[in-house]
Amino acid sequence: MQAEVAQVYLDADADLPAFEQTLARWCQSHPDAFAGRNLPGCWGAGDFSVELRGAAATSLEALPGVARVDGLSHERIGGGTRAPDLSGGVLRTLLLRVRADVPASQVDALERELLAMPDYMAGIRNWQLGRVTSSSHWTHVWQQEFAEVGDLHGEYLLHPYHWGWVDRWFDPAFPEWTVEAICHAYCPLPASILAAD
């Protein structure tokens, strides 16, 4: 399924609460759109994460206070659902860029190992991996839904499978180094959006 994600970056002097209300109204006028204010601890991310089905991220740039929008389309290549009725959780979005000079077999292996993470981590409630299909400096979108932020900061980020196995794709010190840039964003999630895909 084709979908669109965006990171929204605000002007330095933007009024965050006022913009949050404006963005909520924007979502109401765009069916199947979701937006959440990114929580402290994100890395390389904007102020808000936006998910779109049938809307265009480019229209976000016209909202007052927006400095820029990093939006892209992607197509799901794998995923799963454990908690279709998840509510009050956390959506984590990792945008990543694969190095241009790595062979396709290496990219395939990275994708397989990302999609295997839920086999080791029960805290990942719903998940999907997508390949970017629009013009973008990102190549993949890796998303997970958690019941609480502690599952992301604890089990996910500290798990031995993460650091002892998957991390080699992201670390220039390893011969398998494949990912040269990331954007790590997470925000509150009133209800699952990945389970619907």
# chains A, B, ... in the order shown; residues from 1 in each chain; ligands from 1
call {"tool": "select_by_dssp", "arguments": {"residues": "chain A", "states": "strand (DSSP E)", "output": "ChimeraX atom specification"}}
result
/A:2-10,34-37,48-52,66-81,87-98,126-132,140-146,179-191
call {"tool": "select_by_dssp", "arguments": {"residues": "chain A", "states": "alpha helix (DSSP H)", "output": "number ranges by chain"}}
result
A: 16-28, 104-120, 149-151, 157-158, 160-164
call {"tool": "closest_residue", "arguments": {"among": "A:Pro160, A:Gly36, A:Gly65, A:Gly71", "to": "Ser134 (chain A)", "atoms": "only C-alpha atoms"}}
result
A:Gly71
call {"tool": "residues_around", "arguments": {"residues": "Leu129 (chain A)", "least_positions_apart": "6", "cutoff": "10 Å", "atoms": "only C-alpha atoms", "output": "VMD selection string"}}
result
chain A and resid 74 to 80 93 to 94 111 to 112 114 to 115 140 to 144
call {"tool": "residues_around", "arguments": {"residues": "Pro64 (chain A)", "least_positions_apart": "3", "cutoff": "10 Å", "atoms": "only C-alpha atoms", "output": "ChimeraX atom specification"}}
result
/A:10-11,14-15,18-19,22-23,60-61,67
call {"tool": "closest_residue", "arguments": {"among": "A:Phe34, A:Tyr9, A:Trp177, A:Phe146", "to": "Val66 (chain A)", "atoms": "only C-alpha atoms"}}
result
A:Tyr9
call {"tool": "atom_distance", "arguments": {"atom1": "CA of Gly44 (chain A)", "atom2": "CA of Leu152 (chain A)"}}
result
17.0 Å
call {"tool": "closest_residue", "arguments": {"among": "A:Gly123, A:Gly130, A:Gly164, A:Gly150", "to": "Ala83 (chain A)", "atoms": "only C-alpha atoms"}}
result
A:Gly123
call {"tool": "residues_around", "arguments": {"residues": "Asp151 (chain A)", "least_positions_apart": "4", "cutoff": "12 Å", "atoms": "only C-alpha atoms", "output": "list in words"}}
result
Gly89, Val90, Leu91, Arg92, Met121, Ala122, Gly123, Ile124, Arg125, Gln144, Glu145, Phe146, Ala147, Glu155, Tyr156, Leu157, Leu158 and His159 of chain A
call {"tool": "write_last_selection", "arguments": {"atoms": "all heavy atoms", "output": "compact mmCIF listing (two decimals), in the first residue's frame"}}
result
# COMPACT_ATOMS: atom_id res chain seq x y z
N GLY A 89 -0.76 4.75 22.62
CA GLY A 89 0.60 4.26 22.46
C GLY A 89 1.56 5.30 21.90
O GLY A 89 1.36 6.51 22.05
N VAL A 90 2.60 4.79 21.25
CA VAL A 90 3.65 5.62 20.67
C VAL A 90 3.95 5.11 19.26
O VAL A 90 4.09 3.90 19.06
CB VAL A 90 4.94 5.57 21.53
CG1 VAL A 90 6.08 6.31 20.84
CG2 VAL A 90 4.68 6.17 22.90
N LEU A 91 4.03 6.04 18.32
CA LEU A 91 4.45 5.72 16.95
C LEU A 91 5.89 6.14 16.78
O LEU A 91 6.23 7.30 17.02
CB LEU A 91 3.57 6.45 15.93
CG LEU A 91 4.05 6.37 14.48
CD1 LEU A 91 3.93 4.94 13.95
CD2 LEU A 91 3.26 7.35 13.60
N ARG A 92 6.73 5.21 16.37
CA ARG A 92 8.13 5.52 16.08
C ARG A 92 8.35 5.38 14.57
O ARG A 92 7.97 4.39 13.95
CB ARG A 92 9.05 4.54 16.82
CG ARG A 92 10.54 4.89 16.77
CD ARG A 92 11.25 4.39 15.52
NE ARG A 92 12.69 4.60 15.62
CZ ARG A 92 13.59 3.61 15.53
NH1 ARG A 92 13.19 2.36 15.34
NH2 ARG A 92 14.86 3.89 15.62
N MET A 121 11.34 -9.05 20.04
CA MET A 121 10.90 -7.95 20.91
C MET A 121 9.37 -7.88 20.95
O MET A 121 8.73 -7.36 20.03
CB MET A 121 11.46 -6.62 20.40
CG MET A 121 12.96 -6.62 20.28
SD MET A 121 13.56 -5.12 19.46
CE MET A 121 15.18 -5.68 18.96
N ALA A 122 8.81 -8.40 22.03
CA ALA A 122 7.35 -8.43 22.16
C ALA A 122 6.76 -7.03 22.30
O ALA A 122 5.58 -6.83 22.02
CB ALA A 122 6.96 -9.28 23.36
N GLY A 123 7.58 -6.06 22.71
CA GLY A 123 7.08 -4.69 22.87
C GLY A 123 6.73 -4.00 21.57
O GLY A 123 6.00 -3.01 21.58
N ILE A 124 7.22 -4.51 20.45
CA ILE A 124 6.80 -3.97 19.15
C ILE A 124 5.42 -4.54 18.87
O ILE A 124 5.26 -5.73 18.59
CB ILE A 124 7.78 -4.37 18.03
CG1 ILE A 124 9.19 -3.85 18.33
CG2 ILE A 124 7.29 -3.84 16.69
CD1 ILE A 124 10.25 -4.31 17.33
N ARG A 125 4.41 -3.69 18.96
CA ARG A 125 3.03 -4.17 18.86
C ARG A 125 2.56 -4.29 17.41
O ARG A 125 1.89 -5.24 17.05
CB ARG A 125 2.10 -3.26 19.66
CG ARG A 125 2.55 -3.01 21.10
CD ARG A 125 2.79 -4.33 21.85
NE ARG A 125 1.55 -5.06 22.02
CZ ARG A 125 1.46 -6.37 22.24
NH1 ARG A 125 2.55 -7.10 22.31
NH2 ARG A 125 0.30 -6.95 22.40
N GLN A 144 7.28 1.46 13.90
CA GLN A 144 6.77 0.56 14.92
C GLN A 144 5.78 1.30 15.81
O GLN A 144 5.90 2.50 15.99
CB GLN A 144 7.89 -0.01 15.81
CG GLN A 144 9.10 -0.57 15.08
CD GLN A 144 10.13 0.50 14.80
OE1 GLN A 144 10.38 1.36 15.62
NE2 GLN A 144 10.70 0.48 13.60
N GLU A 145 4.86 0.55 16.36
CA GLU A 145 3.95 1.09 17.37
C GLU A 145 4.20 0.35 18.68
O GLU A 145 4.33 -0.88 18.70
CB GLU A 145 2.49 0.91 16.94
CG GLU A 145 2.13 1.75 15.73
CD GLU A 145 0.71 1.53 15.23
OE1 GLU A 145 0.05 0.57 15.69
OE2 GLU A 145 0.26 2.33 14.39
N PHE A 146 4.28 1.12 19.76
CA PHE A 146 4.53 0.59 21.09
C PHE A 146 3.38 1.00 22.02
O PHE A 146 2.76 2.04 21.81
CB PHE A 146 5.84 1.14 21.66
CG PHE A 146 7.05 0.79 20.83
CD1 PHE A 146 7.48 1.64 19.82
CD2 PHE A 146 7.77 -0.37 21.08
CE1 PHE A 146 8.61 1.34 19.06
CE2 PHE A 146 8.89 -0.69 20.33
CZ PHE A 146 9.31 0.16 19.32
N ALA A 147 3.16 0.20 23.05
CA ALA A 147 2.13 0.55 24.03
C ALA A 147 2.54 1.75 24.86
O ALA A 147 1.69 2.53 25.30
CB ALA A 147 1.82 -0.65 24.92
N GLU A 155 13.27 -2.02 25.89
CA GLU A 155 13.48 -3.26 25.15
C GLU A 155 14.04 -3.03 23.74
O GLU A 155 15.02 -3.66 23.34
CB GLU A 155 12.15 -4.03 25.05
CG GLU A 155 12.31 -5.36 24.30
CD GLU A 155 10.97 -6.02 24.00
OE1 GLU A 155 10.10 -5.34 23.41
OE2 GLU A 155 10.83 -7.20 24.35
N TYR A 156 13.42 -2.13 22.98
CA TYR A 156 13.82 -1.96 21.57
C TYR A 156 15.24 -1.43 21.45
O TYR A 156 16.09 -2.03 20.79
CB TYR A 156 12.84 -1.04 20.85
CG TYR A 156 13.16 -0.86 19.38
CD1 TYR A 156 12.63 -1.73 18.44
CD2 TYR A 156 13.99 0.16 18.94
CE1 TYR A 156 12.93 -1.60 17.08
CE2 TYR A 156 14.29 0.30 17.60
CZ TYR A 156 13.75 -0.57 16.68
OH TYR A 156 14.05 -0.43 15.34
N LEU A 157 15.51 -0.29 22.05
CA LEU A 157 16.81 0.35 21.85
C LEU A 157 17.95 -0.37 22.59
O LEU A 157 19.12 -0.20 22.22
CB LEU A 157 16.75 1.81 22.28
CG LEU A 157 15.90 2.73 21.39
CD1 LEU A 157 15.92 4.15 21.92
CD2 LEU A 157 16.37 2.70 19.94
N LEU A 158 17.63 -1.17 23.60
CA LEU A 158 18.67 -1.83 24.39
C LEU A 158 18.78 -3.33 24.12
O LEU A 158 19.64 -3.99 24.69
CB LEU A 158 18.42 -1.60 25.88
CG LEU A 158 18.38 -0.14 26.34
CD1 LEU A 158 18.06 -0.07 27.83
CD2 LEU A 158 19.69 0.58 26.02
N HIS A 159 17.96 -3.86 23.26
CA HIS A 159 17.91 -5.31 23.06
C HIS A 159 19.19 -5.85 22.43
O HIS A 159 19.76 -5.22 21.53
CB HIS A 159 16.71 -5.68 22.18
CG HIS A 159 16.33 -7.11 22.28
ND1 HIS A 159 17.00 -8.11 21.63
CD2 HIS A 159 15.34 -7.72 22.98
CE1 HIS A 159 16.45 -9.28 21.90
NE2 HIS A 159 15.44 -9.08 22.71
call {"tool": "residues_around", "arguments": {"residues": "Glu176 (chain A)", "least_positions_apart": "5", "cutoff": "12 Å", "atoms": "only C-alpha atoms", "output": "PyMOL selection string"}}
result
chain A and resi 98-99+101-103+105-107+109-110+165-171
call {"tool": "write_last_selection", "arguments": {"atoms": "all heavy atoms", "output": "CSV table (one decimal), in the first residue's frame"}}
result
chain,number,residue,atom,x,y,z
A,98,VAL,N,20.1,4.3,2.6
A,98,VAL,CA,21.1,3.3,2.3
A,98,VAL,C,22.1,3.9,1.4
A,98,VAL,O,21.9,4.7,0.5
A,98,VAL,CB,20.4,2.1,1.6
A,98,VAL,CG1,21.3,1.2,0.9
A,98,VAL,CG2,19.5,1.4,2.6
A,99,ARG,N,23.4,3.5,1.6
A,99,ARG,CA,24.5,4.0,0.8
A,99,ARG,C,24.3,3.5,-0.6
A,99,ARG,O,23.9,2.4,-0.9
A,99,ARG,CB,25.8,3.4,1.3
A,99,ARG,CG,26.2,4.0,2.7
A,99,ARG,CD,27.4,3.2,3.3
A,99,ARG,NE,28.5,3.2,2.4
A,99,ARG,CZ,29.3,2.1,2.3
A,99,ARG,NH1,29.1,1.0,3.0
A,99,ARG,NH2,30.3,2.2,1.5
A,101,ASP,N,26.4,2.7,-2.9
A,101,ASP,CA,27.4,1.8,-3.4
A,101,ASP,C,27.3,0.4,-2.9
A,101,ASP,O,28.1,-0.5,-3.2
A,101,ASP,CB,28.8,2.3,-3.2
A,101,ASP,CG,29.1,2.5,-1.8
A,101,ASP,OD1,28.2,2.5,-0.9
A,101,ASP,OD2,30.3,2.6,-1.4
A,102,VAL,N,26.2,0.1,-2.1
A,102,VAL,CA,26.1,-1.3,-1.5
A,102,VAL,C,25.3,-2.1,-2.5
A,102,VAL,O,24.4,-1.7,-3.1
A,102,VAL,CB,25.5,-1.3,-0.1
A,102,VAL,CG1,26.3,-0.5,0.9
A,102,VAL,CG2,24.1,-0.7,-0.2
A,103,PRO,N,25.7,-3.4,-2.6
A,103,PRO,CA,24.9,-4.3,-3.5
A,103,PRO,C,23.5,-4.6,-3.0
A,103,PRO,O,23.2,-4.5,-1.8
A,103,PRO,CB,25.8,-5.6,-3.4
A,103,PRO,CG,26.6,-5.6,-2.2
A,103,PRO,CD,26.8,-4.1,-1.9
A,105,SER,N,21.9,-7.3,-2.6
A,105,SER,CA,21.8,-8.4,-1.7
A,105,SER,C,22.0,-7.9,-0.3
A,105,SER,O,21.4,-8.5,0.7
A,105,SER,CB,22.9,-9.5,-2.0
A,105,SER,OG,24.2,-9.0,-2.0
A,106,GLN,N,22.9,-6.9,-0.1
A,106,GLN,CA,23.1,-6.4,1.3
A,106,GLN,C,21.9,-5.6,1.8
A,106,GLN,O,21.5,-5.7,2.9
A,106,GLN,CB,24.4,-5.5,1.2
A,106,GLN,CG,25.0,-5.2,2.6
A,106,GLN,CD,26.4,-4.7,2.4
A,106,GLN,OE1,27.2,-5.2,1.7
A,106,GLN,NE2,26.7,-3.6,3.1
A,107,VAL,N,21.3,-4.9,0.8
A,107,VAL,CA,20.0,-4.2,1.2
A,107,VAL,C,18.9,-5.1,1.6
A,107,VAL,O,18.2,-5.0,2.5
A,107,VAL,CB,19.6,-3.2,0.1
A,107,VAL,CG1,18.3,-2.5,0.4
A,107,VAL,CG2,20.7,-2.2,-0.3
A,109,ALA,N,19.3,-8.1,2.8
A,109,ALA,CA,19.6,-8.6,4.2
A,109,ALA,C,19.2,-7.7,5.3
A,109,ALA,O,18.7,-8.1,6.3
A,109,ALA,CB,21.1,-9.0,4.2
A,110,LEU,N,19.5,-6.4,5.1
A,110,LEU,CA,19.1,-5.4,6.0
A,110,LEU,C,17.6,-5.4,6.2
A,110,LEU,O,17.1,-5.4,7.4
A,110,LEU,CB,19.6,-4.0,5.5
A,110,LEU,CG,18.9,-2.8,6.2
A,110,LEU,CD1,19.4,-2.6,7.7
A,110,LEU,CD2,19.2,-1.5,5.4
A,165,TRP,N,23.4,-7.4,16.6
A,165,TRP,CA,23.2,-7.9,15.2
A,165,TRP,C,22.8,-6.8,14.2
A,165,TRP,O,23.5,-6.5,13.3
A,165,TRP,CB,22.1,-9.0,15.2
A,165,TRP,CG,22.1,-9.9,14.0
A,165,TRP,CD1,21.1,-9.9,13.0
A,165,TRP,CD2,23.1,-10.8,13.6
A,165,TRP,NE1,21.5,-10.7,12.0
A,165,TRP,CE2,22.7,-11.3,12.3
A,165,TRP,CE3,24.3,-11.2,14.1
A,165,TRP,CZ2,23.4,-12.3,11.6
A,165,TRP,CZ3,25.1,-12.1,13.4
A,165,TRP,CH2,24.6,-12.6,12.2
A,166,VAL,N,21.7,-6.2,14.4
A,166,VAL,CA,21.2,-5.2,13.5
A,166,VAL,C,22.1,-3.9,13.4
A,166,VAL,O,22.2,-3.3,12.3
A,166,VAL,CB,19.7,-4.8,13.8
A,166,VAL,CG1,19.2,-3.6,13.0
A,166,VAL,CG2,18.8,-6.0,13.7
A,167,ASP,N,22.7,-3.6,14.5
A,167,ASP,CA,23.5,-2.3,14.5
A,167,ASP,C,24.6,-2.3,13.5
A,167,ASP,O,25.1,-1.3,13.1
A,167,ASP,CB,24.0,-2.0,15.9
A,167,ASP,CG,24.6,-0.7,16.1
A,167,ASP,OD1,23.9,0.3,15.8
A,167,ASP,OD2,25.8,-0.6,16.4
A,168,ARG,N,25.1,-3.5,13.1
A,168,ARG,CA,26.2,-3.5,12.2
A,168,ARG,C,25.9,-2.9,10.8
A,168,ARG,O,26.8,-2.4,10.1
A,168,ARG,CB,26.7,-5.0,12.0
A,168,ARG,CG,25.8,-5.8,11.2
A,168,ARG,CD,26.3,-7.3,11.3
A,168,ARG,NE,25.8,-8.2,10.2
A,168,ARG,CZ,24.6,-8.7,10.2
A,168,ARG,NH1,23.7,-8.4,11.1
A,168,ARG,NH2,24.3,-9.5,9.2
A,169,TRP,N,24.6,-2.9,10.5
A,169,TRP,CA,24.2,-2.2,9.2
A,169,TRP,C,24.3,-0.7,9.3
A,169,TRP,O,24.4,0.0,8.3
A,169,TRP,CB,22.8,-2.6,8.9
A,169,TRP,CG,22.5,-4.1,8.7
A,169,TRP,CD1,21.8,-4.9,9.6
A,169,TRP,CD2,23.0,-5.0,7.7
A,169,TRP,NE1,21.8,-6.2,9.2
A,169,TRP,CE2,22.5,-6.3,8.0
A,169,TRP,CE3,23.8,-4.8,6.6
A,169,TRP,CZ2,22.8,-7.4,7.3
A,169,TRP,CZ3,24.1,-5.9,5.8
A,169,TRP,CH2,23.6,-7.2,6.1
A,170,PHE,N,24.3,-0.2,10.5
A,170,PHE,CA,24.3,1.3,10.7
A,170,PHE,C,25.7,1.8,11.2
A,170,PHE,O,25.8,3.0,11.3
A,170,PHE,CB,23.3,1.6,11.8
A,170,PHE,CG,21.8,1.3,11.4
A,170,PHE,CD1,21.4,0.0,11.4
A,170,PHE,CD2,21.0,2.3,10.9
A,170,PHE,CE1,20.1,-0.3,11.0
A,170,PHE,CE2,19.7,2.0,10.6
A,170,PHE,CZ,19.2,0.7,10.6
A,171,ASP,N,26.6,1.0,11.4
A,171,ASP,CA,27.9,1.4,12.0
A,171,ASP,C,29.1,1.3,11.0
A,171,ASP,O,29.4,0.3,10.5
A,171,ASP,CB,28.2,0.5,13.2
A,171,ASP,CG,29.4,1.0,14.0
A,171,ASP,OD1,30.2,1.7,13.5
A,171,ASP,OD2,29.4,0.6,15.2
call {"tool": "closest_residue", "arguments": {"among": "A:Pro17, A:Ser87, A:Val8, A:Glu180", "to": "Val50 (chain A)", "atoms": "only C-alpha atoms"}}
result
A:Val8
call {"tool": "residues_around", "arguments": {"residues": "Phe48 (chain A)", "least_positions_apart": "4", "cutoff": "9 Å", "atoms": "only C-alpha atoms", "output": "ChimeraX atom specification"}}
result
/A:6-10,20,35-39,185-187
call {"tool": "decode", "arguments": {"residues": "region 86-98 of chain A", "atoms": "C-alpha atoms", "output": "mmCIF file, in the first residue's frame"}}
result
data_model
loop_
_atom_site.group_PDB
_atom_site.id
_atom_site.type_symbol
_atom_site.label_atom_id
_atom_site.label_comp_id
_atom_site.auth_asym_id
_atom_site.auth_seq_id
_atom_site.Cartn_x
_atom_site.Cartn_y
_atom_site.Cartn_z
ATOM 1 C CA LEU A 86 -3.752 -0.379 20.358
ATOM 2 C CA SER A 87 -4.634 2.979 21.886
ATOM 3 C CA GLY A 88 -2.670 5.560 23.846
ATOM 4 C CA GLY A 89 0.605 4.262 22.460
ATOM 5 C CA VAL A 90 3.647 5.624 20.670
ATOM 6 C CA LEU A 91 4.449 5.718 16.952
ATOM 7 C CA ARG A 92 8.127 5.516 16.079
ATOM 8 C CA THR A 93 9.285 6.387 12.549
ATOM 9 C CA LEU A 94 12.843 5.774 11.402
ATOM 10 C CA LEU A 95 13.754 7.271 8.048
ATOM 11 C CA LEU A 96 16.967 5.818 6.728
ATOM 12 C CA ARG A 97 19.239 6.261 3.737
ATOM 13 C CA VAL A 98 21.079 3.290 2.302
#
